[in-house]
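Trainee: First the structure, then my questions, so here it is.
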Amino acid sequence: LYGIEVNQKQGHCAKTDAILKYFIKYYGTRKVLVVVDDDTLLSVRGLMSVLESYDVSQPLYIGERYGYAHRATGRRGYDYITMGGGLVLSTQAILMRNKCLRCVCPYPDTPDDMQLGLWMKYLRIPAYHENGFHQSEPNNYHQAALSHYPSVSFHRFQRSPMTGEIDPEKTANVFRTYLEESDKEQGVYSGQDYHISRRQGEETKRTTARRAKAKDEEHGKDEL
(Lines give C-alpha, C1' and ligand atoms only; values in the text may rest on other atoms or scores of the structure.)
Protein backbone atom coordinates (compact mmCIF):
# COMPACT_ATOMS: atom_id res chain seq x y z
CA LEU A 1 0.00 0.00 0.00
CA TYR A 2 1.72 3.20 -1.26
CA GLY A 3 5.02 1.31 -0.82
CA ILE A 4 4.42 1.21 2.95
CA GLU A 5 4.57 -1.95 5.04
CA VAL A 6 1.12 -2.07 6.62
CA ASN A 7 2.08 -4.61 9.30
CA GLN A 8 3.41 -2.59 12.21
CA LYS A 9 4.41 -3.74 15.69
CA GLN A 10 2.06 -1.18 17.20
CA GLY A 11 -0.43 1.49 16.19
CA HIS A 12 -1.73 -0.23 13.04
CA CYS A 13 -3.13 2.88 11.33
CA ALA A 14 -1.76 1.82 7.93
CA LYS A 15 -3.25 -1.64 8.37
CA THR A 16 -6.70 -0.33 9.27
CA ASP A 17 -6.56 2.11 6.36
CA ALA A 18 -5.79 -0.83 4.07
CA ILE A 19 -8.64 -2.89 5.57
CA LEU A 20 -11.16 -0.11 4.88
CA LYS A 21 -10.07 0.20 1.24
CA TYR A 22 -9.93 -3.58 0.77
CA PHE A 23 -13.45 -3.92 2.19
CA ILE A 24 -14.96 -1.47 -0.28
CA LYS A 25 -13.09 -3.05 -3.20
CA TYR A 26 -14.00 -6.67 -2.47
CA TYR A 27 -16.97 -6.57 -0.06
CA GLY A 28 -18.63 -3.29 -0.95
CA THR A 29 -22.07 -4.91 -1.31
CA ARG A 30 -22.06 -5.81 2.39
CA LYS A 31 -23.74 -3.41 4.79
CA VAL A 32 -21.36 -3.57 7.74
CA LEU A 33 -17.69 -4.19 8.53
CA VAL A 34 -16.70 -5.46 11.98
CA VAL A 35 -13.04 -5.03 12.92
CA VAL A 36 -11.64 -6.94 15.91
CA ASP A 37 -8.23 -7.98 17.18
CA ASP A 38 -7.07 -11.56 16.78
CA ASP A 39 -7.43 -12.02 20.55
CA THR A 40 -10.97 -10.64 20.79
CA LEU A 41 -13.69 -13.02 21.95
CA LEU A 42 -16.89 -12.23 20.05
CA SER A 43 -20.50 -13.34 20.20
CA VAL A 44 -21.60 -13.02 16.57
CA ARG A 45 -25.27 -13.39 17.38
CA GLY A 46 -24.96 -10.92 20.25
CA LEU A 47 -23.47 -8.54 17.72
CA MET A 48 -26.35 -9.17 15.33
CA SER A 49 -28.79 -8.35 18.13
CA VAL A 50 -27.10 -4.97 18.64
CA LEU A 51 -27.25 -4.19 14.93
CA GLU A 52 -30.99 -4.88 14.82
CA SER A 53 -31.63 -1.54 16.52
CA TYR A 54 -29.64 0.49 13.97
CA ASP A 55 -30.34 1.55 10.40
CA VAL A 56 -27.22 0.07 8.80
CA SER A 57 -27.82 2.03 5.59
CA GLN A 58 -26.73 5.16 7.53
CA PRO A 59 -23.17 6.14 8.57
CA LEU A 60 -22.50 4.15 11.76
CA TYR A 61 -19.54 3.88 14.13
CA ILE A 62 -20.31 1.57 17.07
CA GLY A 63 -18.50 -0.06 20.00
CA GLU A 64 -17.07 0.81 23.42
CA ARG A 65 -16.54 4.57 23.35
CA TYR A 66 -13.61 6.36 24.94
CA GLY A 67 -12.81 10.07 24.86
CA TYR A 68 -9.59 11.99 24.21
CA ALA A 69 -8.59 15.58 25.08
CA HIS A 70 -11.99 16.65 26.43
CA ARG A 71 -11.42 19.50 28.90
CA ALA A 72 -13.43 20.75 31.87
CA THR A 73 -12.92 24.24 30.47
CA GLY A 74 -15.25 23.34 27.63
CA ARG A 75 -12.64 22.54 25.03
CA ARG A 76 -13.77 19.45 23.17
CA GLY A 77 -11.48 16.71 21.97
CA TYR A 78 -13.01 13.72 20.26
CA ASP A 79 -14.54 10.33 20.97
CA TYR A 80 -13.26 7.06 19.56
CA ILE A 81 -14.20 3.39 19.67
CA THR A 82 -11.58 1.13 21.26
CA MET A 83 -10.38 -1.46 18.78
CA GLY A 84 -9.70 -4.28 21.24
CA GLY A 85 -13.38 -4.71 22.03
CA GLY A 86 -14.24 -4.60 18.34
CA LEU A 87 -15.92 -1.88 16.34
CA VAL A 88 -18.66 -1.71 13.74
CA LEU A 89 -18.54 0.55 10.71
CA SER A 90 -21.35 0.73 8.19
CA THR A 91 -20.44 0.70 4.52
CA GLN A 92 -21.71 4.26 4.20
CA ALA A 93 -19.31 5.44 6.92
CA ILE A 94 -16.40 3.67 5.22
CA LEU A 95 -17.24 5.18 1.83
CA MET A 96 -17.26 8.63 3.40
CA ARG A 97 -13.93 7.96 5.09
CA ASN A 98 -12.30 6.67 1.92
CA LYS A 99 -13.34 9.83 0.03
CA CYS A 100 -12.14 12.16 2.81
CA LEU A 101 -8.94 13.97 1.80
CA ARG A 102 -8.10 14.75 5.44
CA CYS A 103 -8.53 11.15 6.56
CA VAL A 104 -4.97 9.86 6.25
CA CYS A 105 -2.53 8.22 8.66
CA PRO A 106 0.11 10.65 10.00
CA TYR A 107 2.40 7.64 10.37
CA PRO A 108 1.94 3.93 9.57
CA ASP A 109 2.06 3.06 13.30
CA THR A 110 -0.26 5.82 14.54
CA PRO A 111 -2.84 4.30 16.96
CA ASP A 112 -5.60 3.28 14.58
CA ASP A 113 -8.58 3.45 16.93
CA MET A 114 -7.80 7.02 17.98
CA GLN A 115 -7.06 8.10 14.42
CA LEU A 116 -10.31 6.53 13.23
CA GLY A 117 -12.15 8.52 15.90
CA LEU A 118 -10.55 11.71 14.60
CA TRP A 119 -11.60 10.84 11.05
CA MET A 120 -15.17 10.26 12.23
CA LYS A 121 -15.08 13.67 13.94
CA TYR A 122 -14.06 15.27 10.63
CA LEU A 123 -17.00 13.50 8.97
CA ARG A 124 -19.44 14.36 11.81
CA ILE A 125 -20.22 10.69 12.39
CA PRO A 126 -20.87 10.15 16.13
CA ALA A 127 -19.37 7.28 18.10
CA TYR A 128 -22.28 5.18 19.39
CA HIS A 129 -21.46 3.54 22.72
CA GLU A 130 -22.68 -0.01 23.32
CA ASN A 131 -22.13 -1.49 26.79
CA GLY A 132 -21.81 -5.04 25.47
CA PHE A 133 -18.42 -4.29 23.87
CA HIS A 134 -15.44 -4.62 26.23
CA GLN A 135 -11.87 -3.43 25.71
CA SER A 136 -10.57 -5.64 28.51
CA GLU A 137 -11.17 -8.95 30.32
CA PRO A 138 -14.31 -9.60 32.41
CA ASN A 139 -12.46 -9.21 35.74
CA ASN A 140 -11.86 -5.53 34.90
CA TYR A 141 -15.60 -4.78 34.85
CA HIS A 142 -18.11 -4.73 37.71
CA GLN A 143 -20.13 -7.94 37.72
CA ALA A 144 -23.37 -6.00 38.20
CA ALA A 145 -22.72 -4.20 34.91
CA LEU A 146 -21.89 -7.45 33.14
CA SER A 147 -25.11 -9.03 34.37
CA HIS A 148 -27.21 -6.03 33.30
CA TYR A 149 -25.94 -5.71 29.72
CA PRO A 150 -25.56 -8.85 27.60
CA SER A 151 -21.95 -9.09 26.45
CA VAL A 152 -20.88 -8.91 22.82
CA SER A 153 -17.09 -9.02 23.19
CA PHE A 154 -14.08 -9.20 25.50
CA HIS A 155 -10.49 -8.42 24.67
CA ARG A 156 -7.44 -10.58 25.40
CA PHE A 157 -7.08 -14.28 26.05
CA GLN A 158 -6.68 -15.55 29.60
CA ARG A 159 -3.12 -16.39 30.64
CA SER A 160 -1.54 -18.69 33.18
CA PRO A 161 -0.29 -16.74 36.24
CA MET A 162 2.61 -19.19 36.47
CA THR A 163 3.94 -19.21 32.91
CA GLY A 164 2.30 -16.17 31.29
CA GLU A 165 1.24 -18.40 28.40
CA ILE A 166 -2.27 -18.40 26.96
CA ASP A 167 -4.57 -20.70 28.92
CA PRO A 168 -7.04 -22.20 26.40
CA GLU A 169 -9.37 -23.63 29.04
CA LYS A 170 -9.68 -20.40 31.02
CA THR A 171 -10.21 -18.49 27.79
CA ALA A 172 -12.91 -20.94 26.69
CA ASN A 173 -14.54 -20.58 30.11
CA VAL A 174 -14.81 -16.80 29.62
CA PHE A 175 -16.61 -17.41 26.34
CA ARG A 176 -18.92 -20.02 27.89
CA THR A 177 -19.72 -17.79 30.88
CA TYR A 178 -20.31 -14.46 29.17
CA LEU A 179 -20.77 -14.98 25.44
CA GLU A 180 -22.03 -18.47 24.64
CA GLU A 181 -25.57 -17.91 25.89
CA SER A 182 -25.88 -14.88 23.64
CA ASP A 183 -24.98 -17.09 20.70
CA LYS A 184 -27.48 -19.76 21.73
CA GLU A 185 -30.34 -17.31 22.28
CA GLN A 186 -30.15 -15.50 18.97
CA GLY A 187 -30.99 -18.42 16.68
CA VAL A 188 -29.79 -18.74 13.10
CA TYR A 189 -27.37 -16.10 11.83
CA SER A 190 -26.99 -15.13 8.18
CA GLY A 191 -23.83 -13.20 7.32
CA GLN A 192 -24.69 -12.09 3.80
CA ASP A 193 -24.81 -8.41 4.78
CA TYR A 194 -21.85 -8.39 7.16
CA HIS A 195 -18.10 -8.89 7.05
CA ILE A 196 -15.82 -9.46 10.04
CA SER A 197 -12.12 -8.62 9.80
CA ARG A 198 -9.63 -9.66 12.47
CA ARG A 199 -6.46 -7.58 12.75
CA GLN A 200 -3.63 -10.13 12.78
CA GLY A 201 -0.60 -9.54 14.97
CA GLU A 202 -2.28 -8.41 18.25
CA GLU A 203 -2.78 -10.47 21.08
CA THR A 204 -27.67 -10.22 23.89
CA LYS A 205 -30.03 -9.75 23.84
CA ARG A 206 -31.11 -6.22 24.85
CA THR A 207 -34.42 -4.78 23.88
CA THR A 208 -34.52 -2.41 20.92
CA ALA A 209 -36.61 0.05 22.91
CA ARG A 210 -34.00 0.41 25.66
CA ARG A 211 -31.15 0.97 23.23
CA ALA A 212 -33.15 3.39 21.10
CA LYS A 213 -34.08 5.37 24.21
CA ALA A 214 -30.43 5.57 25.27
CA LYS A 215 -29.40 6.80 21.82
CA ASP A 216 -32.13 9.46 21.84
CA GLU A 217 -30.96 10.68 25.25
CA GLU A 218 -27.38 10.77 24.01
CA HIS A 219 -28.33 12.78 20.95
CA GLY A 220 -30.14 15.22 23.21
CA LYS A 221 -26.99 15.72 25.30
CA ASP A 222 -24.88 16.25 22.19
CA GLU A 223 -27.27 18.89 20.89
CA LEU A 224 -27.11 20.72 24.22
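Following the order of the C-alpha coordinates, chains are lettered A, B, ..., residues in each are numbered from 1, and ligands are numbered from 1.
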Would you pick out the contacts of Pro168 of chain A at 8 Å or less, using only C-alpha atoms, so that residues sharing its chain but fewer than 3 positions from it are not included, and give the list as a list in words?

Mentor: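 In the requested format, the answer is Phe157, Gln158, Thr171 and Ala172 of chain A.
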
Trainee: One number please: atom CA of Ala69 of chain A to atom CA of Leu87 of chain A, in Å, one decimal.

Mentor: 20.8 Å

Trainee: Give me, as a tab-separated table, each residue of segment 71-104 of chain A that comes within 9 Å of segment 11-29 of chain A, together with its shortest interatomic pair and the distance in Å at one decimal, counting only C-alpha atoms, with rows ordered by chain and rising residue number.

Mentor:
residue	atom	partner	partner_atom	distance
A:Thr91	CA	A:Gly28	CA	7.0
A:Ile94	CA	A:Leu20	CA	6.5
A:Leu95	CA	A:Ile24	CA	7.3
A:Arg97	CA	A:Leu20	CA	8.5
A:Asn98	CA	A:Lys21	CA	6.9
A:Val104	CA	A:Asp17	CA	7.9

Trainee: Could you list, with a cut-off of 7 Å and counting only C-alpha atoms, the residues of segment 53-109 of chain A near segment 123-144 of chain A, each shown with its nearest atom pair and the distance in Å rounded to one decimal, rows sorted by chain and ascending number, as CSV?

Mentor:
residue,atom,partner,partner_atom,distance
A:Pro59,CA,A:Ile125,CA,6.6
A:Leu60,CA,A:Ile125,CA,7.0
A:Tyr61,CA,A:Ala127,CA,5.2
A:Ile62,CA,A:Tyr128,CA,4.7
A:Gly63,CA,A:Glu130,CA,5.3
A:Glu64,CA,A:His129,CA,5.2
A:Arg65,CA,A:His129,CA,5.1
A:Asp79,CA,A:Ala127,CA,6.4
A:Tyr80,CA,A:Ala127,CA,6.3
A:Ile81,CA,A:Ala127,CA,6.7
A:Thr82,CA,A:Gln135,CA,6.4
A:Gly84,CA,A:Gln135,CA,5.0
A:Gly85,CA,A:Gln135,CA,4.2
A:Gly86,CA,A:Phe133,CA,6.9

Trainee: For each of A:Cys103, A:Leu179, A:Leu42, A:Met120, take the minimum atom-to-atom distance to Arg156 of chain A, counting only C-alpha atoms, then give the residue where this is smallest.

Mentor: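 Answer, going by the shortest atom-to-atom distance: A:Leu42.
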
Trainee: Could you check how far atom CA of Gly164 of chain A sits from atom CA of Thr110 of chain A, in Å to one decimal?

Mentor: 27.8 Å
